[in-house]
Structure formats: structure tokens, C-alpha cells
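J.: First the structure, then my questions, so here it is.
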Amino acid sequence: MPNDEHTESLRAAERRLQAAQLASDTDALAELIDDRGRFTGPDGNLHTKQDDLRAHASGRQVLTHLEEEELQVLATAHTGIIWFLGTLEGSFEGQSVRARLRYTRTWTRDRTSWKIIAAHASLVADEPSP
């Protein structure tokens, strides 16, 4: 059953994730991503938590701007889902990147914190549909 307290704490965890991504803060990312976490990138490839942390730590992936258009949150006592739509800018492997993406992130909650267990990113057309 959805719960406003859990919804707001999950929204706050998502905001911490976005800030950590922008700062390439691997300590914060490590806290926010479950060790078993898996991510499907927009290219369809599957990545692990360690893959993500290495990409940030090495500078291979640098996020310089994140503009959120929409954020939907569904949370219960132990599970939450975030649907994010927005534009990200930065670089990947030295190449400038700007993309409008839809992320679906599944979070799990223990007694103290939310952690991402699975995520999927899809490219979305630059202009919103009418």
C-alpha cells in the first residue's frame, strides 16, 4: 500500500542520487546502489554497480547538467519505483553527450535507507509529444 512518508523519503533518495551523479560522488553512489544492482543502459547493455562506480571514478562518465522534467514516485514499506524524465548533459569516454532520457529505477528499503536494485534507461525524443 502506498505511503506518503515512504514516498517522500524515496523522493529524497532520488534527489541524493541525482546530486551524487552530478558530483561523481562515488561514496554517495556506493551508499545509494545495492551491491546486487543491475542497470540496463540506453544501448541495451547490462551494467553492475561496480561498472557505474568505475565510470564515475575514472572520469569516463561525467555528468555536468541534469534537467528534470518529470518525476513520478511509487513507494511502499520496502519497495519503490521512480520514473524520471529529463535531459542529461556531460561526456562519456571523452565525447560530449546530450540526451533526453526516461529512467525507471526500482529501489528497496531496509530499516534505514533506500537502495537501487535495478534501473533501465531509454532514449526519448528531444521534443515532448503534443
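Labels for the C-alpha cells follow display order: chains A, B, ..., residues from 1 in each chain, ligands from 1.
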Just want the 9 Å neighbourhood of Val73 of chain A, counted on only C-alpha atoms, with same-chain residues fewer than 2 positions away dropped. Output as a list in words.

T.: Thr7, Glu8, Leu10, Arg11, Leu71, Ala75, Gly80, Ile81, Ile82, Trp83 and Phe84 of chain A

J.: For segment 55-67 of chain A, please output as a list in words all residues within 8 Å (counting only C-alpha atoms; exclusion window: fewer than 2 positions along the same chain).

T.: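 Surrounding residues, per the criterion: Gln18, Gln21, Leu22, Ala23, Ser24, Asp25, Thr26, Asp51, Asp52, Leu53, Glu69, Gly86, Thr87, Leu88, Glu89, Gly90, Ser91, Phe92, Glu93 and Gly94 of chain A.
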
J.: Mind writing the picked residues with C-alpha atoms as a tab-separated table (two decimals), in the first residue's frame?

T.:
chain	number	residue	atom	x	y	z
A	18	GLN	CA	20.97	12.98	-8.85
A	21	GLN	CA	25.71	11.68	-10.20
A	22	LEU	CA	26.38	15.36	-10.94
A	23	ALA	CA	29.31	15.41	-8.49
A	24	SER	CA	30.60	11.93	-9.48
A	25	ASP	CA	30.47	11.28	-5.72
A	26	THR	CA	31.30	7.58	-5.72
A	51	ASP	CA	30.77	-0.67	-13.58
A	52	ASP	CA	28.91	2.53	-12.67
A	53	LEU	CA	31.29	3.45	-9.85
A	69	GLU	CA	11.02	17.36	-16.48
A	86	GLY	CA	14.76	14.65	-18.20
A	87	THR	CA	17.75	15.87	-20.15
A	88	LEU	CA	21.29	14.96	-19.19
A	89	GLU	CA	24.47	16.57	-20.48
A	90	GLY	CA	28.08	15.64	-19.97
A	91	SER	CA	30.64	13.38	-21.55
A	92	PHE	CA	31.14	9.67	-21.99
A	93	GLU	CA	34.56	8.35	-22.93
A	94	GLY	CA	35.61	11.88	-23.89

J.: Give me, as a VMD selection string, all polymer residues having an atom no more than 12 Å from Thr76 of chain A, counting only C-alpha atoms and skipping those fewer than 3 positions away in the same chain.

T.: chain A and resid 1 to 10 73 79 to 81 106 to 110 114

J.: From the DSSP assignment of the backbone, select every residue of segment 31-110 of chain A that is alpha helix (DSSP H), and format the answer as a PyMOL selection string.

T.: chain A and resi 31-32+49-58

J.: For the residues in that selection, give me N, CA, C and O atoms as a compact mmCIF listing (two decimals), in the first residue's frame.

T.:
# COMPACT_ATOMS: atom_id res chain seq x y z
N GLU A 31 26.61 4.15 -1.52
CA GLU A 31 25.58 4.01 -0.48
C GLU A 31 24.19 3.86 -1.07
O GLU A 31 23.33 3.21 -0.48
N LEU A 32 23.95 4.48 -2.21
CA LEU A 32 22.61 4.51 -2.80
C LEU A 32 22.31 3.34 -3.72
O LEU A 32 21.15 3.11 -4.07
N LYS A 49 26.84 -2.36 -10.41
CA LYS A 49 27.18 -1.24 -9.53
C LYS A 49 28.64 -0.86 -9.72
O LYS A 49 28.97 0.32 -9.84
N GLN A 50 29.51 -1.86 -9.73
CA GLN A 50 30.95 -1.59 -9.88
C GLN A 50 31.26 -0.93 -11.21
O GLN A 50 32.13 -0.05 -11.28
N ASP A 51 30.59 -1.32 -12.27
CA ASP A 51 30.77 -0.67 -13.58
C ASP A 51 30.45 0.83 -13.47
O ASP A 51 31.19 1.67 -13.98
N ASP A 52 29.35 1.14 -12.81
CA ASP A 52 28.91 2.53 -12.67
C ASP A 52 29.91 3.33 -11.83
O ASP A 52 30.31 4.43 -12.20
N LEU A 53 30.34 2.76 -10.72
CA LEU A 53 31.29 3.45 -9.85
C LEU A 53 32.62 3.70 -10.57
O LEU A 53 33.20 4.78 -10.45
N ARG A 54 33.09 2.70 -11.31
CA ARG A 54 34.35 2.86 -12.06
C ARG A 54 34.23 3.95 -13.13
O ARG A 54 35.16 4.73 -13.33
N ALA A 55 33.09 4.01 -13.80
CA ALA A 55 32.89 5.02 -14.85
C ALA A 55 32.96 6.43 -14.26
O ALA A 55 33.56 7.33 -14.84
N HIS A 56 32.38 6.62 -13.08
CA HIS A 56 32.44 7.93 -12.42
C HIS A 56 33.83 8.21 -11.88
O HIS A 56 34.36 9.31 -12.06
N ALA A 57 34.44 7.24 -11.21
CA ALA A 57 35.75 7.44 -10.58
C ALA A 57 36.84 7.73 -11.60
O ALA A 57 37.73 8.54 -11.35
N SER A 58 36.76 7.11 -12.76
CA SER A 58 37.79 7.26 -13.79
C SER A 58 37.61 8.53 -14.63
O SER A 58 38.51 8.90 -15.38

J.: Go through A:Leu85, A:Arg102, A:Ser113, A:Asn45 one by one, measure the shortest atom-to-atom distance of each to Ala12 of chain A using only C-alpha atoms, and give the residue with the smallest value.

T.: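 With only C-alpha atoms as the atom set, the closest residue is A:Ser113.
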
J.: List every residue of chain A that DSSP, applied to the backbone of this structure, assigns to strand (DSSP E), and report them as a ChimeraX atom specification.

T.: /A:33-40,46-48,61-75,79-92,95-109,114-123

J.: Closest to Gly37 of chain A among A:Ala118, A:Leu101, A:Leu17, A:Ala77, using only C-alpha atoms?

T.: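 Ranking A:Ala118, A:Leu101, A:Leu17, A:Ala77 by distance to Gly37 of chain A, first place goes to A:Ala118.
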
J.: Find the spatial neighbours of Ala121 of chain A, counting only C-alpha atoms, within a cut-off of 7 Å - ignore same-chain residues fewer than 4 positions away - and output them as a short mmCIF file (atom, residue, chain, number, x, y, z; two decimals) with N, CA and C atoms, in the first residue's frame.

T.:
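Listing of result-v9.cif after writing:
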data_model
loop_
_atom_site.label_atom_id
_atom_site.label_comp_id
_atom_site.auth_asym_id
_atom_site.auth_seq_id
_atom_site.Cartn_x
_atom_site.Cartn_y
_atom_site.Cartn_z
N THR A 40 20.29 -1.41 -17.01
CA THR A 40 20.23 -1.54 -18.46
C THR A 40 20.37 -0.13 -19.03
N GLY A 41 21.44 0.08 -19.80
CA GLY A 41 21.68 1.39 -20.40
C GLY A 41 20.84 1.59 -21.64
N PRO A 42 20.83 2.82 -22.17
CA PRO A 42 20.04 3.10 -23.37
C PRO A 42 20.49 2.28 -24.57
N LEU A 101 16.23 11.41 -21.57
CA LEU A 101 16.11 10.02 -21.16
C LEU A 101 14.94 9.81 -20.22
N ARG A 102 14.43 8.60 -20.25
CA ARG A 102 13.45 8.12 -19.27
C ARG A 102 14.15 7.02 -18.48
N TYR A 103 14.23 7.22 -17.18
CA TYR A 103 14.78 6.20 -16.28
C TYR A 103 13.65 5.59 -15.48
N THR A 104 13.69 4.29 -15.33
CA THR A 104 12.83 3.59 -14.38
C THR A 104 13.79 2.94 -13.40
#
